[in-house]
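Everything below belongs to target27.cif, which stores mmCIF, C-alpha atoms.
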data_my_file
loop_
_atom_site.label_atom_id
_atom_site.label_comp_id
_atom_site.auth_asym_id
_atom_site.auth_seq_id
_atom_site.Cartn_x
_atom_site.Cartn_y
_atom_site.Cartn_z
CA MET N 11 14.54 33.67 -11.05
CA GLN N 12 17.44 32.20 -13.02
CA ALA N 13 18.54 28.57 -12.91
CA GLU N 14 21.68 27.09 -14.42
CA ILE N 15 21.74 23.37 -15.18
CA ALA N 16 24.49 21.65 -13.21
CA ALA N 17 26.99 19.31 -14.85
CA THR N 18 25.61 16.44 -12.77
CA ALA N 19 22.13 17.09 -14.21
CA ASP N 20 23.19 16.88 -17.86
CA GLY N 21 20.70 14.70 -19.76
CA TRP N 22 18.08 14.72 -17.01
CA ARG N 23 14.50 15.72 -17.67
CA VAL N 24 14.43 19.49 -17.47
CA ASP N 25 11.81 19.54 -14.68
CA ARG N 26 14.07 17.32 -12.57
CA ALA N 27 17.17 19.37 -13.40
CA LEU N 28 15.43 22.63 -12.52
CA ALA N 29 14.16 21.16 -9.23
CA ASP N 30 17.76 20.27 -8.44
CA ALA N 31 18.88 23.84 -9.26
CA LEU N 32 15.97 25.51 -7.43
CA PRO N 33 15.45 23.66 -4.11
CA THR N 34 12.67 26.05 -3.05
CA LEU N 35 10.49 24.71 -5.89
CA SER N 36 9.32 21.11 -6.12
CA ARG N 37 9.40 19.12 -9.32
CA GLU N 38 5.60 19.02 -9.35
CA ARG N 39 5.45 22.80 -9.01
CA LEU N 40 7.93 23.19 -11.86
CA LYS N 41 5.87 20.91 -14.08
CA VAL N 42 2.91 23.23 -13.53
CA LEU N 43 5.04 26.30 -14.27
CA ILE N 44 6.45 24.75 -17.44
CA ALA N 45 2.98 23.79 -18.68
CA GLY N 46 1.80 27.31 -17.89
CA GLY N 47 4.47 28.96 -20.02
CA GLN N 48 6.41 30.35 -17.06
CA VAL N 49 9.80 28.87 -18.02
CA SER N 50 11.96 30.30 -20.84
CA ARG N 51 14.65 28.41 -22.70
CA PRO N 52 18.13 29.88 -23.22
CA ASP N 53 17.07 31.28 -26.60
CA GLY N 54 14.19 33.16 -24.98
CA ALA N 55 11.46 30.85 -26.27
CA LEU N 56 8.90 29.46 -23.82
CA MET N 57 9.49 25.85 -22.89
CA ARG N 58 6.37 23.67 -22.58
CA ASP N 59 7.81 20.15 -22.37
CA PRO N 60 8.98 19.09 -18.88
CA ALA N 61 10.46 15.90 -20.38
CA ARG N 62 12.92 17.78 -22.60
CA LYS N 63 16.53 16.79 -21.92
CA ALA N 64 18.53 19.37 -19.99
CA VAL N 65 21.99 20.44 -21.09
CA ALA N 66 24.66 21.30 -18.55
CA GLY N 67 25.41 25.02 -18.45
CA GLU N 68 22.10 26.14 -19.95
CA THR N 69 20.34 28.91 -18.02
CA TYR N 70 16.58 29.05 -17.72
CA ALA N 71 14.38 31.90 -16.59
CA VAL N 72 11.61 30.75 -14.24
CA ALA N 73 8.73 33.12 -13.46
CA VAL N 74 6.91 32.20 -10.25
CA PRO N 75 3.53 33.93 -9.99
CA ASP N 76 2.05 34.67 -6.59
CA PRO N 77 -0.18 31.84 -5.36
CA THR N 78 -3.82 32.38 -6.17
CA PRO N 79 -6.28 32.38 -3.29
CA ALA N 80 -7.99 29.09 -2.62
CA HIS N 81 -11.19 30.93 -1.66
CA ASN N 82 -11.06 29.19 1.68
CA GLU N 83 -11.64 31.07 4.89
CA ALA N 84 -9.30 30.57 7.84
CA GLN N 85 -11.40 29.40 10.76
CA ASP N 86 -10.43 28.88 14.38
CA ILE N 87 -11.40 25.21 14.62
CA PRO N 88 -9.66 23.25 17.39
CA LEU N 89 -7.11 20.71 16.19
CA VAL N 90 -5.38 17.84 17.95
CA VAL N 91 -1.79 18.07 16.73
CA ALA N 92 0.33 14.93 17.04
CA PHE N 93 3.44 16.52 15.49
CA GLU N 94 4.41 19.75 13.82
CA ASP N 95 7.52 21.44 12.47
CA GLU N 96 8.21 23.99 9.75
CA HIS N 97 7.69 21.39 7.02
CA LEU N 98 4.59 19.38 7.94
CA ILE N 99 1.87 18.77 10.49
CA VAL N 100 0.26 15.53 11.69
CA ILE N 101 -3.36 15.87 12.82
CA ASP N 102 -5.53 13.48 14.82
CA LYS N 103 -8.80 14.19 13.00
CA PRO N 104 -12.11 13.73 14.82
CA ALA N 105 -14.99 11.91 13.17
CA GLY N 106 -17.36 14.33 11.47
CA LEU N 107 -14.69 16.74 10.21
CA VAL N 108 -14.54 17.01 6.41
CA VAL N 109 -11.02 17.34 4.97
CA HIS N 110 -11.70 19.56 1.92
CA PRO N 111 -14.35 22.19 1.23
CA ALA N 112 -16.82 20.96 -1.36
CA ALA N 113 -20.47 21.29 -2.29
CA GLY N 114 -22.43 20.92 0.92
CA ASN N 115 -19.37 21.60 3.07
CA LEU N 116 -18.01 24.98 2.00
CA ASP N 117 -16.42 25.72 5.36
CA GLY N 118 -15.84 24.16 8.76
CA THR N 119 -13.33 21.73 7.22
CA LEU N 120 -9.82 20.61 8.09
CA VAL N 121 -8.50 22.94 5.37
CA ASN N 122 -10.20 25.91 7.03
CA ALA N 123 -8.71 24.87 10.38
CA LEU N 124 -5.21 24.49 8.91
CA LEU N 125 -5.40 27.87 7.20
CA HIS N 126 -5.96 29.41 10.63
CA HIS N 127 -3.47 27.22 12.49
CA CYS N 128 -0.60 27.41 9.99
CA GLY N 129 -1.02 31.00 8.85
CA GLY N 130 1.20 31.66 5.84
CA SER N 131 3.18 28.43 6.11
CA LEU N 132 1.19 26.44 3.58
CA SER N 133 2.11 24.27 0.62
CA GLY N 134 1.55 25.86 -2.78
CA ILE N 135 2.16 22.64 -4.67
CA GLY N 136 -0.55 23.42 -7.23
CA GLY N 137 0.00 27.16 -7.31
CA VAL N 138 -2.75 27.62 -4.74
CA ALA N 139 -2.28 29.07 -1.28
CA ARG N 140 -3.71 26.21 0.72
CA PRO N 141 -2.48 23.51 3.08
CA GLY N 142 -0.83 20.62 1.28
CA ILE N 143 -3.41 17.91 1.78
CA VAL N 144 -1.44 14.87 0.61
CA HIS N 145 -4.09 12.26 1.46
CA ARG N 146 -7.57 12.15 2.92
CA ILE N 147 -9.66 10.12 5.30
CA ASP N 148 -13.44 10.02 5.16
CA LYS N 149 -15.51 12.59 7.03
CA ASP N 150 -16.82 10.00 9.49
CA THR N 151 -13.51 8.20 9.93
CA SER N 152 -11.33 9.44 12.78
CA GLY N 153 -7.57 9.37 13.17
CA LEU N 154 -4.18 10.40 11.91
CA MET N 155 -3.34 12.24 8.71
CA VAL N 156 -0.45 14.42 7.55
CA ALA N 157 -0.45 17.74 5.68
CA ALA N 158 2.51 19.51 4.09
CA LYS N 159 3.52 23.10 4.72
CA THR N 160 6.07 23.36 1.91
CA ASP N 161 6.34 22.17 -1.67
CA ARG N 162 9.38 20.03 -0.86
CA ALA N 163 7.57 18.29 1.98
CA HIS N 164 4.46 17.82 -0.18
CA GLU N 165 6.43 16.26 -3.02
CA GLY N 166 8.39 13.99 -0.66
CA LEU N 167 5.27 12.77 1.12
CA ALA N 168 3.34 12.32 -2.14
CA LYS N 169 6.14 10.11 -3.45
CA GLN N 170 5.92 7.88 -0.38
CA PHE N 171 2.17 7.55 -0.74
CA ALA N 172 2.61 6.76 -4.45
CA ASP N 173 5.16 4.00 -3.80
CA HIS N 174 3.08 2.62 -0.88
CA SER N 175 5.88 2.98 1.67
CA ILE N 176 3.67 4.78 4.22
CA ASP N 177 2.71 2.70 7.27
CA ARG N 178 -1.07 3.15 7.58
CA ARG N 179 -3.00 0.99 10.04
CA TYR N 180 -6.65 1.29 10.95
CA LYS N 181 -8.70 -0.18 13.75
CA ALA N 182 -12.11 -1.37 12.63
CA ILE N 183 -15.04 -3.00 14.42
CA VAL N 184 -16.73 -5.36 11.99
CA GLY N 185 -19.68 -7.72 12.01
CA GLY N 186 -18.78 -11.36 12.53
CA ARG N 187 -15.36 -12.90 13.13
CA PRO N 188 -13.17 -13.51 10.10
CA ILE N 189 -11.94 -17.07 9.57
CA PRO N 190 -8.99 -17.37 9.44
CA PRO N 191 -8.38 -14.46 11.83
CA THR N 192 -5.65 -13.02 9.61
CA GLY N 193 -5.66 -12.53 5.88
CA SER N 194 -5.47 -10.20 2.93
CA VAL N 195 -7.92 -8.81 0.41
CA ASP N 196 -6.41 -8.10 -3.01
CA ALA N 197 -9.22 -6.66 -5.11
CA PRO N 198 -9.13 -3.70 -7.55
CA LEU N 199 -11.33 -0.71 -6.73
CA ALA N 200 -13.05 1.94 -8.84
CA ARG N 201 -16.19 4.02 -8.83
CA SER N 202 -19.22 1.76 -8.98
CA PRO N 203 -20.68 1.63 -12.51
CA HIS N 204 -24.13 1.49 -10.89
CA ASP N 205 -23.75 4.26 -8.28
CA ARG N 206 -21.06 6.93 -8.80
CA LYS N 207 -21.20 7.86 -5.11
CA LYS N 208 -19.96 4.41 -4.16
CA VAL N 209 -16.72 2.50 -4.68
CA ALA N 210 -16.84 -1.12 -5.84
CA ILE N 211 -14.58 -3.99 -6.73
CA VAL N 212 -14.13 -3.57 -10.47
CA ARG N 213 -11.87 -5.75 -12.60
CA THR N 214 -10.44 -2.73 -14.43
CA GLY N 215 -10.01 -0.66 -11.24
CA LYS N 216 -6.80 0.29 -9.46
CA ARG N 217 -5.04 -2.43 -7.49
CA ALA N 218 -5.97 -2.33 -3.81
CA VAL N 219 -4.60 -4.54 -1.03
CA THR N 220 -5.68 -4.65 2.61
CA HIS N 221 -4.02 -6.90 5.20
CA TYR N 222 -6.13 -7.59 8.29
CA ARG N 223 -5.78 -9.40 11.60
CA MET N 224 -8.22 -9.90 14.43
CA LEU N 225 -7.18 -8.13 17.62
CA GLU N 226 -10.17 -9.08 19.79
CA PRO N 227 -13.20 -11.32 19.24
CA LEU N 228 -16.46 -9.63 20.25
CA ALA N 229 -20.16 -10.55 20.35
CA ASP N 230 -20.69 -11.75 16.77
CA ALA N 231 -18.18 -9.06 15.86
CA ALA N 232 -14.45 -8.38 16.00
CA LEU N 233 -11.92 -5.61 16.45
CA LEU N 234 -9.52 -5.74 13.51
CA GLU N 235 -6.29 -4.05 12.57
CA CYS N 236 -6.29 -3.29 8.85
CA ARG N 237 -2.95 -2.41 7.27
CA LEU N 238 -3.09 -0.66 3.91
CA GLU N 239 -0.67 -1.75 1.24
CA THR N 240 -2.43 0.73 -1.06
CA GLY N 241 -4.64 3.67 -0.13
CA ARG N 242 -7.76 3.82 -2.27
CA THR N 243 -10.98 5.67 -1.48
CA HIS N 244 -13.17 3.64 0.95
CA GLN N 245 -10.66 0.78 0.69
CA VAL N 246 -11.10 -0.77 4.14
CA ARG N 247 -14.87 -0.33 4.04
CA VAL N 248 -15.32 -2.00 0.64
CA HIS N 249 -12.77 -4.76 1.20
CA MET N 250 -14.16 -5.81 4.57
CA ALA N 251 -17.71 -5.76 3.25
CA SER N 252 -16.60 -7.90 0.30
CA ILE N 253 -15.56 -10.76 2.62
CA GLY N 254 -18.73 -10.58 4.67
CA HIS N 255 -17.41 -8.46 7.54
CA ALA N 256 -18.68 -4.94 6.92
CA LEU N 257 -17.81 -2.20 9.39
CA LEU N 258 -20.45 -1.67 12.03
CA GLY N 259 -22.33 1.57 11.52
CA ASP N 260 -21.28 1.92 7.88
CA PRO N 261 -24.29 3.59 6.21
CA VAL N 262 -23.09 2.85 2.67
CA TYR N 263 -21.49 -0.60 2.62
CA GLY N 264 -22.81 -2.18 5.82
CA ARG N 265 -25.66 -4.63 6.31
CA THR N 266 -26.23 -4.35 10.03
CA LYS N 267 -27.79 -7.29 11.87
CA PRO N 268 -30.74 -6.48 14.16
CA ALA N 269 -28.74 -7.18 17.33
CA HIS N 270 -25.95 -4.87 16.25
CA ARG N 271 -28.45 -2.25 15.07
CA LYS N 272 -29.94 -2.20 18.55
CA VAL N 273 -26.50 -1.66 20.10
CA LEU N 274 -25.70 1.16 17.69
CA GLU N 275 -29.03 2.85 18.41
CA THR N 276 -28.55 2.48 22.18
CA LEU N 277 -25.12 4.12 21.96
CA ASN N 278 -26.24 6.64 19.32
CA PHE N 279 -23.30 5.45 17.21
CA ARG N 280 -23.88 6.91 13.74
CA ARG N 281 -20.73 6.36 11.70
CA GLN N 282 -18.55 3.59 10.35
CA ALA N 283 -16.45 2.12 13.18
CA LEU N 284 -13.10 3.00 11.62
CA HIS N 285 -10.10 4.82 13.10
CA ALA N 286 -6.73 5.63 11.50
CA ALA N 287 -4.64 4.40 14.42
CA ARG N 288 -1.08 4.48 13.09
CA LEU N 289 0.76 6.65 10.58
CA GLY N 290 4.43 6.13 9.83
CA PHE N 291 6.64 7.72 7.18
CA ILE N 292 10.10 9.09 6.48
CA HIS N 293 10.31 12.83 7.11
CA PRO N 294 10.77 14.21 3.58
CA ILE N 295 13.37 16.77 4.68
CA SER N 296 15.22 15.36 7.72
CA LYS N 297 14.89 11.76 6.47
CA HIS N 298 14.15 10.61 10.02
CA ALA N 299 11.64 7.78 10.45
CA LEU N 300 8.49 9.04 12.18
CA SER N 301 5.63 6.96 13.55
CA PHE N 302 2.50 8.07 15.39
CA ASP N 303 -0.20 6.12 17.20
CA SER N 304 -3.69 7.24 18.17
CA ASP N 305 -6.05 5.53 20.61
CA MET N 306 -9.57 4.79 19.47
CA PRO N 307 -11.86 7.74 20.26
CA ALA N 308 -14.44 7.52 23.03
CA ASP N 309 -17.35 6.46 20.80
CA MET N 310 -15.47 3.47 19.36
CA GLN N 311 -14.13 2.53 22.78
CA GLU N 312 -17.67 2.57 24.15
CA LEU N 313 -18.85 0.37 21.26
CA PHE N 314 -15.94 -2.02 21.85
CA VAL N 315 -16.67 -2.32 25.57
CA HIS N 316 -20.38 -2.87 24.94
CA LEU N 317 -19.70 -5.69 22.46
CA ALA N 318 -17.00 -7.26 24.65
CA HIS N 319 -19.54 -8.18 27.36
#
Take the structure I supplied and represent it as structure tokens, if you would.
Amino acid sequence: MQAEIAATADGWRVDRALADALPTLSRERLKVLIAGGQVSRPDGALMRDPARKAVAGETYAVAVPDPTPAHNEAQDIPLVVAFEDEHLIVIDKPAGLVVHPAAGNLDGTLVNALLHHCGGSLSGIGGVARPGIVHRIDKDTSGLMVAAKTDRAHEGLAKQFADHSIDRRYKAIVGGRPIPPTGSVDAPLARSPHDRKKVAIVRTGKRAVTHYRMLEPLADAALLECRLETGRTHQVRVHMASIGHALLGDPVYGRTKPAHRKVLETLNFRRQALHAARLGFIHPISKHALSFDSDMPADMQELFVHLAH
């Protein structure tokens, strides 16, 4: 396809100017195409630098290869859909469902379910025919997450996650009652230098901030709302454990007291007590503010009721 740089885009980065001229392609997708030698300059030479300044009136040739298969199988796995349109889909994920195929979980994932549910309407942000997974929640965490169907939606959502404007609130059942009952944890996170499977507070890690407040006191425990200012891997789990209030049932970061262990065994509760209860964002295409709430699933409700007595 051909793209002419508009007068208003004169002096912009060429990836930005081309995204403006070609609304069906996101800026991220164009960066990949430029790096892959799929964009020709006006003189016919391949252009490899997405930061090159664009000149109004220049015409670029953009070759868009067919998306390569993601080697994921579409599987008819039931989904609870909180919202869906032609641009994106909001899923209420059950605990136990892995988001992405990986070693040990090659199928039966949310990606496999979305491939079946969405058919051909999937984001190709990386040049791969797969659902646009913009963010993830842990396998054994339940709750709300959004996936993109188009490149434009993917890019718009990714920008909101990057600038921390997404409203993400979790409900967590933790050991003990935090004093004071509201507070914040501002501690950088990175892969643990001692165990690469774990995340730890590391001085040189990425900034991570969790704001919490106690919703209900329980038996030597509490139901908290945790609002994410940032969204790092295992953020709530590590931050709450760091202040002495690890999530009940957390097999990695928790130190369960005998009384709580007995309750968990009685209820056969075998995961961290964490639920993504609210997800709010600006629709990347319509620009409407959207917000979704999800009740705690039955297993967490049962744990809450048991500890409330």
Of the candidates N:Glu14, N:Leu40, N:Asp102, N:Gly47, which shows the shortest atom-to-atom distance to Thr69 in chain N, using all atoms listed in the file?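 Ranking N:Glu14, N:Leu40, N:Asp102, N:Gly47 by distance to Thr69 in chain N, first place goes to N:Glu14.
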Need to verify the contact set: His285 in chain N, 6 Å, only C-alpha atoms, exclusion of same-chain residues closer than 2 positions in sequence. Can you return it as a PyMOL selection string? chain N and resi 151-153+180-181+287
For a cutoff of 8 Å around the file-coordinate point (-23.8, -12.0, 18.4), which residues qualify once you count all atoms listed in the file? I'd like the result as a PyMOL selection string. chain N and resi 186+228-231+269-270
I'd like to see the residues matched by the PyMOL selection byres ((chain N and resi 175) around 10) on this file, and ideally I'd get them as a list in words.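 For this structure, the PyMOL selection byres ((chain N and resi 175) around 10) captures Leu167, Lys169, Gln170, Phe171, Ala172, Asp173, His174, Ile176, Asp177, Arg178, Leu238, Glu239, Thr240, Gly290, Phe291 and Ile292 of chain N.
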Writing out the chosen residues with C-alpha atoms as a compact mmCIF listing (two decimals), in the coordinates of the input:
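That gives us result-v8.txt:
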# COMPACT_ATOMS: atom_id res chain seq x y z
CA LEU N 167 5.27 12.77 1.12
CA LYS N 169 6.14 10.11 -3.45
CA GLN N 170 5.92 7.88 -0.38
CA PHE N 171 2.17 7.55 -0.74
CA ALA N 172 2.61 6.76 -4.45
CA ASP N 173 5.16 4.00 -3.80
CA HIS N 174 3.08 2.62 -0.88
CA ILE N 176 3.67 4.78 4.22
CA ASP N 177 2.71 2.70 7.27
CA ARG N 178 -1.07 3.15 7.58
CA LEU N 238 -3.09 -0.66 3.91
CA GLU N 239 -0.67 -1.75 1.24
CA THR N 240 -2.43 0.73 -1.06
CA GLY N 290 4.43 6.13 9.83
CA PHE N 291 6.64 7.72 7.18
CA ILE N 292 10.10 9.09 6.48
Straight-line distance linking CA of Gly241 in chain N with CA of Ala218 in chain N, stated in Å to one decimal: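 Answer for the CA of Gly241 in chain N to CA of Ala218 in chain N separation: 7.2 Å.
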Quick one: everything within 10 Å of Tyr222 in chain N, counting only C-alpha atoms, minus sequence neighbours fewer than 3 positions away in the same chain. Send it as a PDB file with C-alpha atoms, in the coordinates of the input.
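result.pdb was written with the following content:
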ATOM      1  CA  ARG N 179      -3.000   0.990  10.040  1.00  0.00           C
ATOM      2  CA  TYR N 180      -6.650   1.290  10.950  1.00  0.00           C
ATOM      3  CA  LYS N 181      -8.700  -0.180  13.750  1.00  0.00           C
ATOM      4  CA  ALA N 182     -12.110  -1.370  12.630  1.00  0.00           C
ATOM      5  CA  PRO N 188     -13.170 -13.510  10.100  1.00  0.00           C
ATOM      6  CA  PRO N 191      -8.380 -14.460  11.830  1.00  0.00           C
ATOM      7  CA  THR N 192      -5.650 -13.020   9.610  1.00  0.00           C
ATOM      8  CA  GLY N 193      -5.660 -12.530   5.880  1.00  0.00           C
ATOM      9  CA  SER N 194      -5.470 -10.200   2.930  1.00  0.00           C
ATOM     10  CA  VAL N 195      -7.920  -8.810   0.410  1.00  0.00           C
ATOM     11  CA  VAL N 219      -4.600  -4.540  -1.030  1.00  0.00           C
ATOM     12  CA  LEU N 225      -7.180  -8.130  17.620  1.00  0.00           C
ATOM     13  CA  LEU N 234      -9.520  -5.740  13.510  1.00  0.00           C
ATOM     14  CA  GLU N 235      -6.290  -4.050  12.570  1.00  0.00           C
ATOM     15  CA  CYS N 236      -6.290  -3.290   8.850  1.00  0.00           C
ATOM     16  CA  ARG N 237      -2.950  -2.410   7.270  1.00  0.00           C
ATOM     17  CA  LEU N 238      -3.090  -0.660   3.910  1.00  0.00           C
ATOM     18  CA  VAL N 246     -11.100  -0.770   4.140  1.00  0.00           C
ATOM     19  CA  MET N 250     -14.160  -5.810   4.570  1.00  0.00           C
TER      20      MET N 250
END
Skipping near chain neighbours, those fewer than 6 positions away, what residues fall within 8 Å of range 27-29 of chain N using only C-alpha atoms, listed as a CSV table (one decimal) with C-alpha atoms, in the frame of the given file?
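Everything below was put into around-v9.csv:
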chain,number,residue,atom,x,y,z
N,13,ALA,CA,18.5,28.6,-12.9
N,14,GLU,CA,21.7,27.1,-14.4
N,15,ILE,CA,21.7,23.4,-15.2
N,16,ALA,CA,24.5,21.6,-13.2
N,19,ALA,CA,22.1,17.1,-14.2
N,20,ASP,CA,23.2,16.9,-17.9
N,35,LEU,CA,10.5,24.7,-5.9
N,36,SER,CA,9.3,21.1,-6.1
N,37,ARG,CA,9.4,19.1,-9.3
N,40,LEU,CA,7.9,23.2,-11.9
N,64,ALA,CA,18.5,19.4,-20.0
Give the answer as one residue: which of N:Arg58, N:Arg51, N:Arg281, N:Arg242 has the shortest atom-to-atom distance to Lys149 in chain N, using all atoms listed in the file?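 Between N:Arg58, N:Arg51, N:Arg281, N:Arg242, the residue approaching Lys149 in chain N most closely is N:Arg281.
CA of Lys216 in chain N lies 5.4 Å from CA of Leu199 in chain N.
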For the structure provided, state which residues fall under the PyMOL selection byres ((chain N and resi 71) around 7), and present them as a list in words.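 Going through the file, the PyMOL selection byres ((chain N and resi 71) around 7) ends up selecting Met11, Gln12, Ala13, Val49, Ser50, Thr69, Tyr70, Val72 and Ala73 of chain N.
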Could you tell me, as a PyMOL selection string, exactly which residues end up selected when the PyMOL selection byres ((chain N and resi 307) around 9) is applied to this structure? chain N and resi 104-105+152-153+285+304-306+308-312
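You will find CA of Leu107 in chain N at 10.7 Å from CA of Asn122 in chain N.
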For Lys272 in chain N, find every residue with an atom within 12 Å (counting all atoms listed in the file), except residues of its own chain fewer than 6 positions away, and show them as a list in words. Leu258, Gly259, Thr266, Asn278, Phe279, Arg280, Leu313, His316 and Leu317 of chain N
Determine, counting only C-alpha atoms, which protein, DNA and RNA residues have an atom within 9 Å of an atom of Arg146 in chain N; residues of the same chain fewer than 2 positions away are not included. Present the result as an NGL selection string. :N and (109-110 or 143-144 or 148-149 or 155-156 or 243)
Can those selected residues be exported to a file as a JSON list (two decimals), in the frame of the given file so that it contains C-alpha atoms?
[["chain", "number", "residue", "atom", "x", "y", "z"],
["N", 109, "VAL", "CA", -11.02, 17.34, 4.97],
["N", 110, "HIS", "CA", -11.70, 19.56, 1.92],
["N", 143, "ILE", "CA", -3.41, 17.91, 1.78],
["N", 144, "VAL", "CA", -1.44, 14.87, 0.61],
["N", 148, "ASP", "CA", -13.44, 10.02, 5.16],
["N", 149, "LYS", "CA", -15.51, 12.59, 7.03],
["N", 155, "MET", "CA", -3.34, 12.24, 8.71],
["N", 156, "VAL", "CA", -0.45, 14.42, 7.55],
["N", 243, "THR", "CA", -10.98, 5.67, -1.48]]
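For the set N:Ala31, N:Val65, N:Leu300, N:Val24, the residue with the smallest atom-to-atom gap to Glu94 in chain N is N:Leu300, counting all atoms listed in the file.
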Quick one: axis-aligned box around all listed atoms of range 191-201 of chain N, 8 Å on every side, centre and edge lengths in Å to one decimal, written as JSON.
{"center_x": -10.8, "center_y": -5.2, "center_z": 1.5, "size_x": 26.7, "size_y": 34.5, "size_z": 36.7}
